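Chemist: Contents of protein-v5.cif (mmCIF, C-alpha atoms) are given next:
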data_model
#
loop_
_atom_site.group_PDB
_atom_site.id
_atom_site.type_symbol
_atom_site.label_atom_id
_atom_site.label_comp_id
_atom_site.auth_asym_id
_atom_site.auth_seq_id
_atom_site.Cartn_x
_atom_site.Cartn_y
_atom_site.Cartn_z
ATOM 1 C CA MET E 1 30.579 -24.899 17.376
ATOM 2 C CA ASP E 2 33.170 -22.142 17.884
ATOM 3 C CA SER E 3 32.810 -18.445 17.191
ATOM 4 C CA GLN E 4 34.484 -18.599 13.790
ATOM 5 C CA GLU E 5 32.157 -21.400 12.634
ATOM 6 C CA THR E 6 29.095 -19.497 13.838
ATOM 7 C CA ASP E 7 30.287 -16.355 12.089
ATOM 8 C CA THR E 8 30.773 -18.267 8.829
ATOM 9 C CA LEU E 9 27.315 -19.821 9.024
ATOM 10 C CA LEU E 10 25.640 -16.500 9.726
ATOM 11 C CA ARG E 11 27.385 -14.829 6.815
ATOM 12 C CA ARG E 12 26.591 -17.700 4.467
ATOM 13 C CA ASN E 13 22.991 -18.499 5.397
ATOM 14 C CA LEU E 14 21.229 -15.449 6.830
ATOM 15 C CA PHE E 15 19.201 -13.389 4.428
ATOM 16 C CA ASP E 16 16.473 -11.979 6.644
ATOM 17 C CA TRP E 17 17.230 -9.370 9.288
ATOM 18 C CA ASP E 18 13.817 -10.051 10.849
ATOM 19 C CA ASP E 19 15.070 -13.453 12.025
ATOM 20 C CA LEU E 20 18.000 -11.848 13.819
ATOM 21 C CA GLN E 21 15.723 -9.294 15.452
ATOM 22 C CA ILE E 22 13.499 -12.096 16.707
ATOM 23 C CA PHE E 23 16.505 -13.996 18.031
ATOM 24 C CA HIS E 24 17.765 -10.842 19.752
ATOM 25 C CA ALA E 25 14.365 -10.282 21.383
ATOM 26 C CA VAL E 26 14.188 -13.891 22.607
ATOM 27 C CA ALA E 27 17.716 -13.750 23.977
ATOM 28 C CA THR E 28 17.235 -10.428 25.775
ATOM 29 C CA THR E 29 13.717 -11.032 27.166
ATOM 30 C CA GLY E 30 14.348 -14.658 28.117
ATOM 31 C CA SER E 31 11.113 -16.135 26.789
ATOM 32 C CA MET E 32 9.076 -16.578 23.621
ATOM 33 C CA SER E 33 6.005 -14.878 25.076
ATOM 34 C CA ALA E 34 7.962 -11.832 26.278
ATOM 35 C CA ALA E 35 9.634 -11.527 22.870
ATOM 36 C CA ALA E 36 6.234 -11.693 21.164
ATOM 37 C CA THR E 37 4.931 -8.918 23.427
ATOM 38 C CA ALA E 38 7.992 -6.763 22.778
ATOM 39 C CA LEU E 39 7.736 -7.180 19.007
ATOM 40 C CA GLY E 40 3.957 -6.952 18.822
ATOM 41 C CA CYS E 41 3.388 -10.301 17.141
ATOM 42 C CA GLN E 42 2.106 -13.781 17.929
ATOM 43 C CA GLN E 43 4.132 -16.230 20.005
ATOM 44 C CA SER E 44 3.601 -18.816 17.265
ATOM 45 C CA THR E 45 5.378 -16.481 14.840
ATOM 46 C CA ILE E 46 8.350 -16.219 17.191
ATOM 47 C CA SER E 47 8.582 -20.012 17.549
ATOM 48 C CA LYS E 48 8.274 -20.583 13.808
ATOM 49 C CA ARG E 49 10.925 -18.021 12.897
ATOM 50 C CA MET E 50 13.313 -19.367 15.549
ATOM 51 C CA ARG E 51 12.926 -22.874 14.135
ATOM 52 C CA GLN E 52 13.619 -21.541 10.650
ATOM 53 C CA LEU E 53 16.718 -19.730 11.860
ATOM 54 C CA GLU E 54 18.067 -22.784 13.645
ATOM 55 C CA SER E 55 17.322 -24.959 10.627
ATOM 56 C CA ARG E 56 19.114 -22.550 8.329
ATOM 57 C CA LEU E 57 22.155 -22.493 10.606
ATOM 58 C CA GLY E 58 22.046 -26.218 11.258
ATOM 59 C CA SER E 59 22.551 -25.593 14.955
ATOM 60 C CA GLN E 60 20.405 -25.179 18.072
ATOM 61 C CA LEU E 61 20.589 -21.652 19.448
ATOM 62 C CA ILE E 62 18.277 -21.865 22.458
ATOM 63 C CA GLU E 63 17.127 -24.440 24.986
ATOM 64 C CA ARG E 64 13.585 -24.261 26.334
ATOM 65 C CA HIS E 65 13.031 -24.664 30.081
ATOM 66 C CA ALA E 66 10.055 -24.199 32.372
ATOM 67 C CA GLY E 67 11.375 -20.807 33.473
ATOM 68 C CA GLY E 68 12.118 -19.575 29.944
ATOM 69 C CA ILE E 69 14.968 -20.099 27.501
ATOM 70 C CA MET E 70 18.750 -20.341 27.747
ATOM 71 C CA LEU E 71 21.289 -19.797 24.992
ATOM 72 C CA THR E 72 23.359 -22.728 23.847
ATOM 73 C CA PRO E 73 27.094 -22.167 23.161
ATOM 74 C CA ALA E 74 26.220 -21.647 19.512
ATOM 75 C CA GLY E 75 23.495 -19.245 20.601
ATOM 76 C CA GLU E 76 25.952 -17.264 22.706
ATOM 77 C CA ASN E 77 28.248 -16.892 19.687
ATOM 78 C CA ALA E 78 25.354 -15.929 17.441
ATOM 79 C CA PHE E 79 24.124 -13.378 19.993
ATOM 80 C CA ASP E 80 27.553 -11.727 20.112
ATOM 81 C CA TYR E 81 27.514 -11.516 16.347
ATOM 82 C CA VAL E 82 24.034 -9.949 16.295
ATOM 83 C CA LEU E 83 25.115 -7.345 18.878
ATOM 84 C CA THR E 84 28.096 -6.498 16.674
ATOM 85 C CA MET E 85 25.797 -6.057 13.667
ATOM 86 C CA GLN E 86 23.507 -3.753 15.655
ATOM 87 C CA ARG E 87 26.442 -1.627 16.837
ATOM 88 C CA SER E 88 27.727 -1.383 13.277
ATOM 89 C CA ALA E 89 24.312 -0.339 12.016
ATOM 90 C CA HIS E 90 24.060 2.299 14.724
ATOM 91 C CA GLN E 91 27.533 3.655 13.884
ATOM 92 C CA LEU E 92 26.634 3.784 10.201
ATOM 93 C CA GLU E 93 23.461 5.693 10.981
ATOM 94 C CA THR E 94 25.339 8.122 13.208
ATOM 95 C CA GLN E 95 28.056 8.790 10.621
ATOM 96 C CA ILE E 96 25.677 9.532 7.748
ATOM 97 C CA ALA E 97 22.867 11.115 9.786
ATOM 98 C CA GLY E 98 23.766 14.608 8.628
ATOM 99 C CA ARG E 99 23.518 13.624 4.991
ATOM 100 C CA ASP E 100 20.287 11.714 5.509
ATOM 101 C CA ARG E 101 18.637 14.677 7.177
ATOM 102 C CA ALA E 102 19.328 16.814 4.128
ATOM 103 C CA MET E 103 16.290 17.566 1.963
ATOM 104 C CA GLU E 104 18.028 16.575 -1.239
ATOM 105 C CA GLY E 105 18.614 13.522 -3.395
ATOM 106 C CA GLU E 106 16.416 10.932 -5.082
ATOM 107 C CA VAL E 107 13.311 9.348 -3.560
ATOM 108 C CA THR E 108 11.521 6.483 -5.299
ATOM 109 C CA LEU E 109 7.781 6.161 -4.730
ATOM 110 C CA ARG E 110 5.566 3.348 -6.000
ATOM 111 C CA ALA E 111 1.827 3.799 -6.439
ATOM 112 C CA PRO E 112 -1.124 2.338 -8.377
ATOM 113 C CA ASP E 113 -1.438 3.890 -11.819
ATOM 114 C CA GLY E 114 -4.882 5.387 -11.224
ATOM 115 C CA LEU E 115 -3.874 7.298 -8.111
ATOM 116 C CA SER E 116 -0.589 8.268 -9.771
ATOM 117 C CA SER E 117 -2.276 9.604 -12.905
ATOM 118 C CA PHE E 118 -5.261 11.406 -11.436
ATOM 119 C CA TRP E 119 -4.269 12.407 -7.904
ATOM 120 C CA LEU E 120 -0.533 12.337 -7.250
ATOM 121 C CA ALA E 121 0.503 13.815 -10.594
ATOM 122 C CA ARG E 122 -1.532 16.994 -10.170
ATOM 123 C CA HIS E 123 0.252 17.698 -6.856
ATOM 124 C CA VAL E 124 3.810 16.991 -8.045
ATOM 125 C CA PRO E 125 4.504 20.500 -9.454
ATOM 126 C CA GLU E 126 3.785 22.140 -6.082
ATOM 127 C CA PHE E 127 6.046 19.608 -4.345
ATOM 128 C CA GLN E 128 8.811 20.424 -6.837
ATOM 129 C CA ARG E 129 8.462 24.138 -6.177
ATOM 130 C CA THR E 130 8.619 23.589 -2.413
ATOM 131 C CA HIS E 131 11.442 21.020 -2.461
ATOM 132 C CA PRO E 132 13.544 21.676 -5.590
ATOM 133 C CA ALA E 133 16.512 19.611 -4.347
ATOM 134 C CA ILE E 134 14.497 16.366 -4.012
ATOM 135 C CA ASP E 135 14.370 14.270 -7.177
ATOM 136 C CA LEU E 136 11.110 12.330 -7.069
ATOM 137 C CA LYS E 137 10.830 9.098 -9.054
ATOM 138 C CA LEU E 138 7.232 7.889 -9.310
ATOM 139 C CA LEU E 139 6.917 4.275 -10.468
ATOM 140 C CA GLY E 140 3.950 2.005 -11.090
ATOM 141 C CA ASP E 141 3.167 -1.049 -9.013
ATOM 142 C CA HIS E 142 3.186 -3.662 -11.788
ATOM 143 C CA SER E 143 6.791 -4.793 -11.552
ATOM 144 C CA ALA E 144 8.798 -6.026 -8.577
ATOM 145 C CA ALA E 145 10.754 -3.425 -6.606
ATOM 146 C CA ILE E 146 14.313 -4.619 -7.099
ATOM 147 C CA GLY E 147 17.694 -3.109 -7.826
ATOM 148 C CA GLU E 148 17.609 0.504 -8.956
ATOM 149 C CA ASN E 149 13.817 0.420 -8.972
ATOM 150 C CA ALA E 150 13.513 -0.478 -5.287
ATOM 151 C CA SER E 151 11.189 2.045 -3.684
ATOM 152 C CA SER E 152 11.698 3.956 -0.468
ATOM 153 C CA LEU E 153 7.968 4.167 0.151
ATOM 154 C CA ALA E 154 4.781 3.080 -1.550
ATOM 155 C CA VAL E 155 1.108 3.931 -1.792
ATOM 156 C CA THR E 156 -0.569 0.544 -1.811
ATOM 157 C CA PHE E 157 -3.817 -1.347 -1.375
ATOM 158 C CA VAL E 158 -2.019 -4.140 0.501
ATOM 159 C CA PRO E 159 -0.920 -3.290 4.084
ATOM 160 C CA GLU E 160 1.837 -5.917 4.304
ATOM 161 C CA LYS E 161 3.954 -5.411 7.393
ATOM 162 C CA THR E 162 7.223 -6.774 8.641
ATOM 163 C CA MET E 163 9.079 -5.673 11.727
ATOM 164 C CA ASP E 164 11.127 -3.294 9.562
ATOM 165 C CA THR E 165 8.287 -2.056 7.361
ATOM 166 C CA GLN E 166 5.800 0.551 8.568
ATOM 167 C CA ALA E 167 2.363 0.916 6.967
ATOM 168 C CA GLU E 168 -0.045 3.737 7.804
ATOM 169 C CA LEU E 169 -3.691 4.027 6.793
ATOM 170 C CA LEU E 170 -3.732 6.832 4.255
ATOM 171 C CA ALA E 171 -7.247 6.989 2.830
ATOM 172 C CA THR E 172 -10.313 5.008 1.837
ATOM 173 C CA LEU E 173 -11.421 5.009 -1.797
ATOM 174 C CA HIS E 174 -15.171 4.744 -2.278
ATOM 175 C CA TYR E 175 -16.329 3.414 -5.655
ATOM 176 C CA MET E 176 -19.632 4.080 -7.446
ATOM 177 C CA PRO E 177 -20.829 3.447 -11.012
ATOM 178 C CA VAL E 178 -20.099 6.421 -13.267
ATOM 179 C CA ALA E 179 -20.491 7.299 -16.923
ATOM 180 C CA SER E 180 -19.706 10.321 -19.042
ATOM 181 C CA ARG E 181 -22.291 12.937 -19.983
ATOM 182 C CA GLU E 182 -21.568 12.036 -23.600
ATOM 183 C CA PHE E 183 -22.486 8.404 -22.915
ATOM 184 C CA ILE E 184 -25.788 9.372 -21.244
ATOM 185 C CA GLU E 185 -26.642 11.782 -24.067
ATOM 186 C CA THR E 186 -26.008 9.024 -26.616
ATOM 187 C CA TYR E 187 -27.711 6.083 -24.907
ATOM 188 C CA GLY E 188 -30.094 7.819 -22.550
ATOM 189 C CA ALA E 189 -30.359 7.814 -18.786
ATOM 190 C CA PRO E 190 -31.178 4.335 -17.455
ATOM 191 C CA ARG E 191 -34.479 4.296 -15.601
ATOM 192 C CA SER E 192 -33.879 1.074 -13.670
ATOM 193 C CA LEU E 193 -31.287 -1.569 -12.904
ATOM 194 C CA VAL E 194 -32.637 -3.554 -15.866
ATOM 195 C CA ASP E 195 -31.865 -0.616 -18.139
ATOM 196 C CA VAL E 196 -28.401 -0.350 -16.630
ATOM 197 C CA MET E 197 -27.634 -4.023 -17.292
ATOM 198 C CA ASN E 198 -28.401 -3.498 -20.993
ATOM 199 C CA LEU E 199 -25.765 -0.787 -21.346
ATOM 200 C CA ARG E 200 -22.052 -1.189 -22.059
ATOM 201 C CA PHE E 201 -19.776 -1.757 -19.077
ATOM 202 C CA ALA E 202 -16.023 -1.523 -18.662
ATOM 203 C CA THR E 203 -14.044 -3.127 -15.864
ATOM 204 C CA LEU E 204 -10.621 -3.392 -14.279
ATOM 205 C CA GLU E 205 -8.922 -6.772 -14.151
ATOM 206 C CA GLN E 206 -6.901 -6.912 -10.948
ATOM 207 C CA TYR E 207 -3.193 -7.528 -11.174
ATOM 208 C CA ASP E 208 -3.602 -10.394 -8.693
ATOM 209 C CA ARG E 209 -7.046 -11.945 -8.566
ATOM 210 C CA SER E 210 -6.272 -13.378 -5.145
ATOM 211 C CA LEU E 211 -6.399 -9.806 -3.837
ATOM 212 C CA SER E 212 -10.154 -9.579 -4.046
ATOM 213 C CA LEU E 213 -10.923 -5.881 -3.770
ATOM 214 C CA TRP E 214 -14.638 -6.303 -4.195
ATOM 215 C CA GLY E 215 -17.090 -8.022 -1.926
ATOM 216 C CA GLU E 216 -19.667 -10.719 -2.587
ATOM 217 C CA LYS E 217 -22.207 -8.126 -3.681
ATOM 218 C CA ALA E 218 -19.922 -6.961 -6.493
ATOM 219 C CA GLU E 219 -19.133 -10.540 -7.509
ATOM 220 C CA ALA E 220 -22.856 -11.256 -7.751
ATOM 221 C CA ALA E 221 -23.320 -8.187 -9.958
ATOM 222 C CA ASP E 222 -20.495 -9.382 -12.192
ATOM 223 C CA THR E 223 -22.518 -12.482 -13.077
ATOM 224 C CA LEU E 224 -25.293 -10.254 -14.485
ATOM 225 C CA ILE E 225 -23.140 -7.764 -16.350
ATOM 226 C CA LYS E 226 -21.677 -8.290 -19.800
ATOM 227 C CA TYR E 227 -18.458 -6.316 -20.041
ATOM 228 C CA SER E 228 -17.547 -4.839 -23.404
ATOM 229 C CA PHE E 229 -14.111 -3.588 -22.326
ATOM 230 C CA ARG E 230 -11.490 -4.872 -19.900
ATOM 231 C CA THR E 231 -8.084 -3.537 -18.904
ATOM 232 C CA ASP E 232 -5.600 -3.910 -16.069
ATOM 233 C CA LEU E 233 -4.814 -0.187 -15.992
ATOM 234 C CA SER E 234 -7.027 2.101 -13.930
ATOM 235 C CA SER E 235 -5.979 5.152 -15.930
ATOM 236 C CA VAL E 236 -6.961 3.490 -19.230
ATOM 237 C CA LEU E 237 -10.306 2.381 -17.785
ATOM 238 C CA PHE E 238 -11.182 5.874 -16.648
ATOM 239 C CA GLU E 239 -10.172 7.513 -19.932
ATOM 240 C CA VAL E 240 -12.379 5.055 -21.825
ATOM 241 C CA VAL E 241 -15.322 5.882 -19.537
ATOM 242 C CA ARG E 242 -14.587 9.580 -19.618
ATOM 243 C CA HIS E 243 -14.774 9.595 -23.431
ATOM 244 C CA GLY E 244 -18.073 7.750 -23.662
ATOM 245 C CA GLY E 245 -16.942 4.115 -23.672
ATOM 246 C CA GLY E 246 -19.304 2.776 -21.031
ATOM 247 C CA ILE E 247 -20.131 2.546 -17.339
ATOM 248 C CA ALA E 248 -17.560 1.538 -14.724
ATOM 249 C CA MET E 249 -16.920 1.620 -11.003
ATOM 250 C CA ALA E 250 -14.740 4.629 -10.215
ATOM 251 C CA PRO E 251 -13.485 6.263 -7.003
ATOM 252 C CA THR E 252 -15.624 9.197 -5.935
ATOM 253 C CA TYR E 253 -12.674 11.606 -5.849
ATOM 254 C CA LEU E 254 -12.890 11.550 -9.659
ATOM 255 C CA ALA E 255 -16.409 12.939 -9.356
ATOM 256 C CA ALA E 256 -14.934 15.964 -7.613
ATOM 257 C CA LEU E 257 -12.245 16.381 -10.269
ATOM 258 C CA TYR E 258 -14.482 15.815 -13.307
ATOM 259 C CA ALA E 259 -17.919 16.955 -12.135
ATOM 260 C CA ASP E 260 -18.568 18.691 -15.483
ATOM 261 C CA GLU E 261 -17.854 15.527 -17.492
ATOM 262 C CA LEU E 262 -19.218 12.649 -15.404
ATOM 263 C CA VAL E 263 -22.554 11.380 -14.143
ATOM 264 C CA VAL E 264 -22.976 9.189 -11.051
ATOM 265 C CA LEU E 265 -25.415 6.273 -11.315
ATOM 266 C CA ASP E 266 -26.759 6.045 -7.782
ATOM 267 C CA TYR E 267 -28.303 2.588 -7.417
ATOM 268 C CA ASP E 268 -27.403 2.183 -3.758
ATOM 269 C CA PHE E 269 -24.278 0.270 -4.689
ATOM 270 C CA HIS E 270 -20.789 1.282 -3.657
ATOM 271 C CA GLN E 271 -17.591 -0.425 -2.580
ATOM 272 C CA ASP E 272 -14.538 0.788 -0.689
ATOM 273 C CA ILE E 273 -10.832 -0.015 -0.653
ATOM 274 C CA ARG E 274 -8.335 1.164 1.927
ATOM 275 C CA VAL E 275 -5.113 2.822 0.807
ATOM 276 C CA TRP E 276 -1.904 2.558 2.828
ATOM 277 C CA LEU E 277 1.374 4.450 2.920
ATOM 278 C CA LYS E 278 4.203 1.983 3.397
ATOM 279 C CA TYR E 279 7.772 2.894 4.350
ATOM 280 C CA MET E 280 10.447 0.438 3.346
ATOM 281 C CA PRO E 281 12.870 -0.860 6.001
ATOM 282 C CA GLY E 282 15.118 1.855 7.404
ATOM 283 C CA SER E 283 13.676 4.644 5.245
ATOM 284 C CA ARG E 284 11.419 6.442 7.726
ATOM 285 C CA GLY E 285 14.301 8.254 9.453
ATOM 286 C CA ILE E 286 15.820 9.648 6.239
ATOM 287 C CA GLY E 287 14.943 13.295 5.837
ATOM 288 C CA ARG E 288 14.102 13.435 2.141
ATOM 289 C CA ILE E 289 11.993 10.263 2.366
ATOM 290 C CA LYS E 290 10.093 11.509 5.395
ATOM 291 C CA CYS E 291 9.523 14.753 3.496
ATOM 292 C CA VAL E 292 7.886 12.875 0.610
ATOM 293 C CA GLY E 293 5.880 10.791 3.082
ATOM 294 C CA ASP E 294 4.609 13.920 4.844
ATOM 295 C CA TRP E 295 3.658 15.408 1.469
ATOM 296 C CA ILE E 296 1.673 12.292 0.534
ATOM 297 C CA THR E 297 -0.087 12.281 3.910
ATOM 298 C CA ASP E 298 -1.002 15.943 3.411
ATOM 299 C CA ILE E 299 -2.493 15.567 -0.078
ATOM 300 C CA PHE E 300 -4.602 12.640 1.145
ATOM 301 C CA ASN E 301 -5.763 14.618 4.179
ATOM 302 C CA ARG E 302 -9.243 13.315 4.950
ATOM 303 C CA ARG E 303 -10.429 16.524 6.593
ATOM 304 C CA ASN E 304 -9.815 18.574 3.460
ATOM 305 C CA ASN E 305 -10.727 15.752 1.054
ATOM 306 C CA PRO E 306 -14.027 14.212 2.243
ATOM 307 C CA TRP E 307 -13.948 11.597 -0.537
ATOM 308 C CA PHE E 308 -10.988 9.939 1.255
ATOM 309 C CA ARG E 309 -12.757 9.558 4.610
ATOM 310 C CA GLU E 310 -13.352 6.103 6.026
ATOM 311 C CA GLU E 311 -17.111 6.677 6.132
ATOM 312 C CA PHE E 312 -18.870 6.976 2.765
ATOM 313 C CA CYS E 313 -19.487 10.546 1.646
ATOM 314 C CA HIS E 314 -21.838 10.841 -1.324
ATOM 315 C CA PRO E 315 -20.474 12.930 -4.243
ATOM 316 C CA ARG E 316 -23.450 15.300 -4.088
ATOM 317 C CA GLU E 317 -22.147 16.389 -0.671
ATOM 318 C CA PHE E 318 -18.887 17.771 -2.049
ATOM 319 C CA CYS E 319 -19.496 18.618 -5.717
ATOM 320 C CA GLY E 320 -22.233 19.527 -8.191
ATOM 321 C CA ILE E 321 -22.070 16.345 -10.268
ATOM 322 C CA ASP E 322 -25.308 15.076 -11.822
ATOM 323 C CA VAL E 323 -26.737 12.021 -10.046
ATOM 324 C CA ILE E 324 -29.071 9.574 -11.775
ATOM 325 C CA ARG E 325 -31.340 7.509 -9.523
ATOM 326 C CA PRO E 326 -33.725 4.721 -10.558
ATOM 327 C CA GLN E 327 -37.317 5.771 -11.049
ATOM 328 C CA PRO E 328 -40.093 3.970 -9.166
#
Once more with this new file: its structure as structure tokens, please.
Modeler:
Amino acid sequence: MDSQETDTLLRRNLFDWDDLQIFHAVATTGSMSAAATALGCQQSTISKRMRQLESRLGSQLIERHAGGIMLTPAGENAFDYVLTMQRSAHQLETQIAGRDRAMEGEVTLRAPDGLSSFWLARHVPEFQRTHPAIDLKLLGDHSAAIGENASSLAVTFVPEKTMDTQAELLATLHYMPVASREFIETYGAPRSLVDVMNLRFATLEQYDRSLSLWGEKAEAADTLIKYSFRTDLSSVLFEVVRHGGGIAMAPTYLAALYADELVVLDYDFHQDIRVWLKYMPGSRGIGRIKCVGDWITDIFNRRNNPWFREEFCHPREFCGIDVIRPQP
């Protein structure tokens, strides 16, 4: 296969830059294991992705020997092409670096609706005052990030990573059963778990049930509870609970924000979910995007916001919310 044929195949068939990065690492390190170490992944991943790349191109790029790997003629041509792509990318970055460092322009952020409504939104005005030239677009996480709606970074419960995508642990949400004061005044404070089970409950239906956010203990409780209201929107669920619609699991940061309206039902049952900040490929080095990322990291600061710490911090430790405990 000559250089022109290789070039045509690469242009026609390659859709994933990760595959080219893996091929580059294999070619430069000389072995699958060294490439895996350099990229921080499993050797099996390297082998699988190389097979996929060769299958897509319809040509063998490397030959395996006891001492490592050697490039085939097609592999040599492909490697030259990959080096050209890297040089072009570097030149592009250099030419527009000044513009990308500027703290101006649009930044698209995706986040779950509950965190968007009750935590991010209250901090947006201060961000706007500090960075008036950055146009922040805050989108929900229901729809796919494509086209104009592709995000530069995301607050997410799912720490998916590729070699181009960076995900950082942002916070841990701790969930406890809560109800409104109005609900307790109307139906009375439950004295035991039996009393609790006889009250109205509301729940969140996950967007993807395969992403089980609750453990076996919660699933067991679900078999005993009869839910009177279901929704797939965290913001709707909380507003229903807040206005007397029932009991629901809610993140403890809401106890701090609505201590005068809510009551915590402390039956020694709580769950936690980790929250991640994910940068999309190539976005971390852009000034305005890094600025938004730094802002998000700051407002989720676990030192100043104990409800976001990895270890469970009971609401009574950071706010004056009423806590109902079962009576003996």
Chemist: May I have the residues at most 8 Å from (-30.3, 6.8, -10.0) in the file's coordinates, counting only C-alpha atoms, as a PyMOL selection string?
Modeler: chain E and resi 190-192+264-267+323-327
Chemist: Considering only C-alpha atoms, return as a list in words whatever protein or nucleic-acid residues lie within 10 Å of Val236 (chain E), sequence-local ones (same chain, fewer than 4 positions apart) excluded.
Modeler: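 Answer for this query is Asp113, Gly114, Ser117, Leu204, Arg230, Thr231, Asp232, Val240, Val241 and Arg242 of chain E.
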Chemist: From the options E:Val178, E:Met50, E:Ile286, E:Ala78, which residue's atoms come nearest to Glu261 (chain E), counting only C-alpha atoms?
Modeler: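 Comparing E:Val178, E:Met50, E:Ile286, E:Ala78 against Glu261 (chain E), the winner is E:Val178.
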Chemist: Extending 6 Å beyond the listed atoms of region 68-87 of chain E on each side, what axis-aligned box results? I want centre and edge lengths in Å to one decimal, as JSON.
Modeler:
{"center_x": 20.2, "center_y": -12.2, "center_z": 21.8, "size_x": 28.1, "size_y": 33.1, "size_z": 28.3}
Chemist: Under the rule that all atoms listed in the file are counted, which of E:Leu20, E:Met197, E:Ala250, E:Cys313 is the nearest residue to Thr84 (chain E)?
Modeler: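 That would be E:Leu20, the residue with the smallest distance to Thr84 (chain E).
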Chemist: How far is it from CA of Tyr253 (chain E) to CA of His174 (chain E), in Å with one decimal?
Modeler: 8.1 Å
Chemist: Could you tell me, as an MDAnalysis selection string, exactly which residues end up selected when the PyMOL selection byres ((chain E and resi 246) around 6) is applied to this structure?
Modeler: chainID E and resid 200:202 241 244:245 247
Chemist: Provide the CA of Glu104 (chain E) to CA of Arg288 (chain E) distance in Å, to one decimal place.
Modeler: 6.1 Å
Chemist: Distance CA of Thr45 (chain E)-CA of Leu61 (chain E), one decimal place?
Modeler: 16.7 Å
Chemist: Compute the distance from (11.4, 9.5, -5.5) to each atom, counting all atoms listed in the file, keep the residues with any atom at most 6 Å away, and return them as a PyMOL selection string; use the coordinates of the file.
Modeler: chain E and resi 106-109+135-138
Chemist: Fewer than 3 positions away in the same chain doesn't count, so skip those; otherwise give me all residues within 12 Å of region 130-134 of chain E, counting all atoms listed in the file, as a short mmCIF file (atom, residue, chain, number, x, y, z; two decimals) with C-alpha atoms, in the frame of the given file.
Modeler:
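Dumped everything to out_30.cif:
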data_model
loop_
_atom_site.label_atom_id
_atom_site.label_comp_id
_atom_site.auth_asym_id
_atom_site.auth_seq_id
_atom_site.Cartn_x
_atom_site.Cartn_y
_atom_site.Cartn_z
CA ALA E 102 19.33 16.81 4.13
CA MET E 103 16.29 17.57 1.96
CA GLU E 104 18.03 16.58 -1.24
CA GLY E 105 18.61 13.52 -3.40
CA GLU E 106 16.42 10.93 -5.08
CA VAL E 107 13.31 9.35 -3.56
CA THR E 108 11.52 6.48 -5.30
CA HIS E 123 0.25 17.70 -6.86
CA VAL E 124 3.81 16.99 -8.04
CA PRO E 125 4.50 20.50 -9.45
CA GLU E 126 3.78 22.14 -6.08
CA PHE E 127 6.05 19.61 -4.34
CA LYS E 137 10.83 9.10 -9.05
CA GLY E 287 14.94 13.30 5.84
CA ARG E 288 14.10 13.44 2.14
CA ILE E 289 11.99 10.26 2.37
CA LYS E 290 10.09 11.51 5.40
CA CYS E 291 9.52 14.75 3.50
CA VAL E 292 7.89 12.88 0.61
CA TRP E 295 3.66 15.41 1.47
#
Chemist: Would you please work out which residue, of E:Arg110, E:His65, E:Arg49, E:Arg122, is nearest to Gly140 (chain E) when using only C-alpha atoms?
Modeler: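 When distances to Gly140 (chain E) are compared using only C-alpha atoms, the smallest one comes from E:Arg110.
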Chemist: E:Ala171, E:Phe79, E:Glu310, E:Thr37: which is nearest Ile296 (chain E), counting only C-alpha atoms?
Modeler: E:Ala171
Chemist: List the residues selected by the PyMOL selection byres ((chain E and resi 67-73) around 9) in the file shown, writing them as a PDB file with C-alpha atoms, keeping the file's coordinate frame.
Modeler:
ATOM      1  CA  MET E   1      30.579 -24.899  17.376  1.00  0.00           C
ATOM      2  CA  ASP E   2      33.170 -22.142  17.884  1.00  0.00           C
ATOM      3  CA  VAL E  26      14.188 -13.891  22.607  1.00  0.00           C
ATOM      4  CA  ALA E  27      17.716 -13.750  23.977  1.00  0.00           C
ATOM      5  CA  GLY E  30      14.348 -14.658  28.117  1.00  0.00           C
ATOM      6  CA  SER E  31      11.113 -16.135  26.789  1.00  0.00           C
ATOM      7  CA  MET E  32       9.076 -16.578  23.621  1.00  0.00           C
ATOM      8  CA  GLN E  60      20.405 -25.179  18.072  1.00  0.00           C
ATOM      9  CA  LEU E  61      20.589 -21.652  19.448  1.00  0.00           C
ATOM     10  CA  ILE E  62      18.277 -21.865  22.458  1.00  0.00           C
ATOM     11  CA  GLU E  63      17.127 -24.440  24.986  1.00  0.00           C
ATOM     12  CA  ARG E  64      13.585 -24.261  26.334  1.00  0.00           C
ATOM     13  CA  HIS E  65      13.031 -24.664  30.081  1.00  0.00           C
ATOM     14  CA  ALA E  66      10.055 -24.199  32.372  1.00  0.00           C
ATOM     15  CA  ALA E  74      26.220 -21.647  19.512  1.00  0.00           C
ATOM     16  CA  GLY E  75      23.495 -19.245  20.601  1.00  0.00           C
ATOM     17  CA  GLU E  76      25.952 -17.264  22.706  1.00  0.00           C
ATOM     18  CA  ASN E  77      28.248 -16.892  19.687  1.00  0.00           C
ATOM     19  CA  ALA E  78      25.354 -15.929  17.441  1.00  0.00           C
ATOM     20  CA  PHE E  79      24.124 -13.378  19.993  1.00  0.00           C
TER      21      PHE E  79
END
Chemist: From the options E:Asp294, E:Asp195, E:Glu168, E:Asp18, which residue's atoms come nearest to Trp276 (chain E), counting all atoms listed in the file?
Modeler: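 Distance minimum relative to Trp276 (chain E) lands on E:Glu168.
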Chemist: Show me, as a ChimeraX atom specification, the residues that have an atom within 12 Å of Asn304 (chain E) when counting all atoms listed in the file, minus same-chain residues fewer than 5 positions from it.
Modeler: /E:171,253,297-299,309,318
Chemist: Can you tell me which residues surround Cys319 (chain E) at a distance of at most 9 Å, considering only C-alpha atoms, apart from same-chain residues fewer than 5 positions away, and format the answer as a PyMOL selection string?
Modeler: chain E and resi 255-257+259
Chemist: Of the candidates E:Thr29, E:Phe118, E:Glu317, E:Val196, which one gets nearest to Ser235 (chain E) if we count only C-alpha atoms?
Modeler: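 Between E:Thr29, E:Phe118, E:Glu317, E:Val196, the residue approaching Ser235 (chain E) most closely is E:Phe118.
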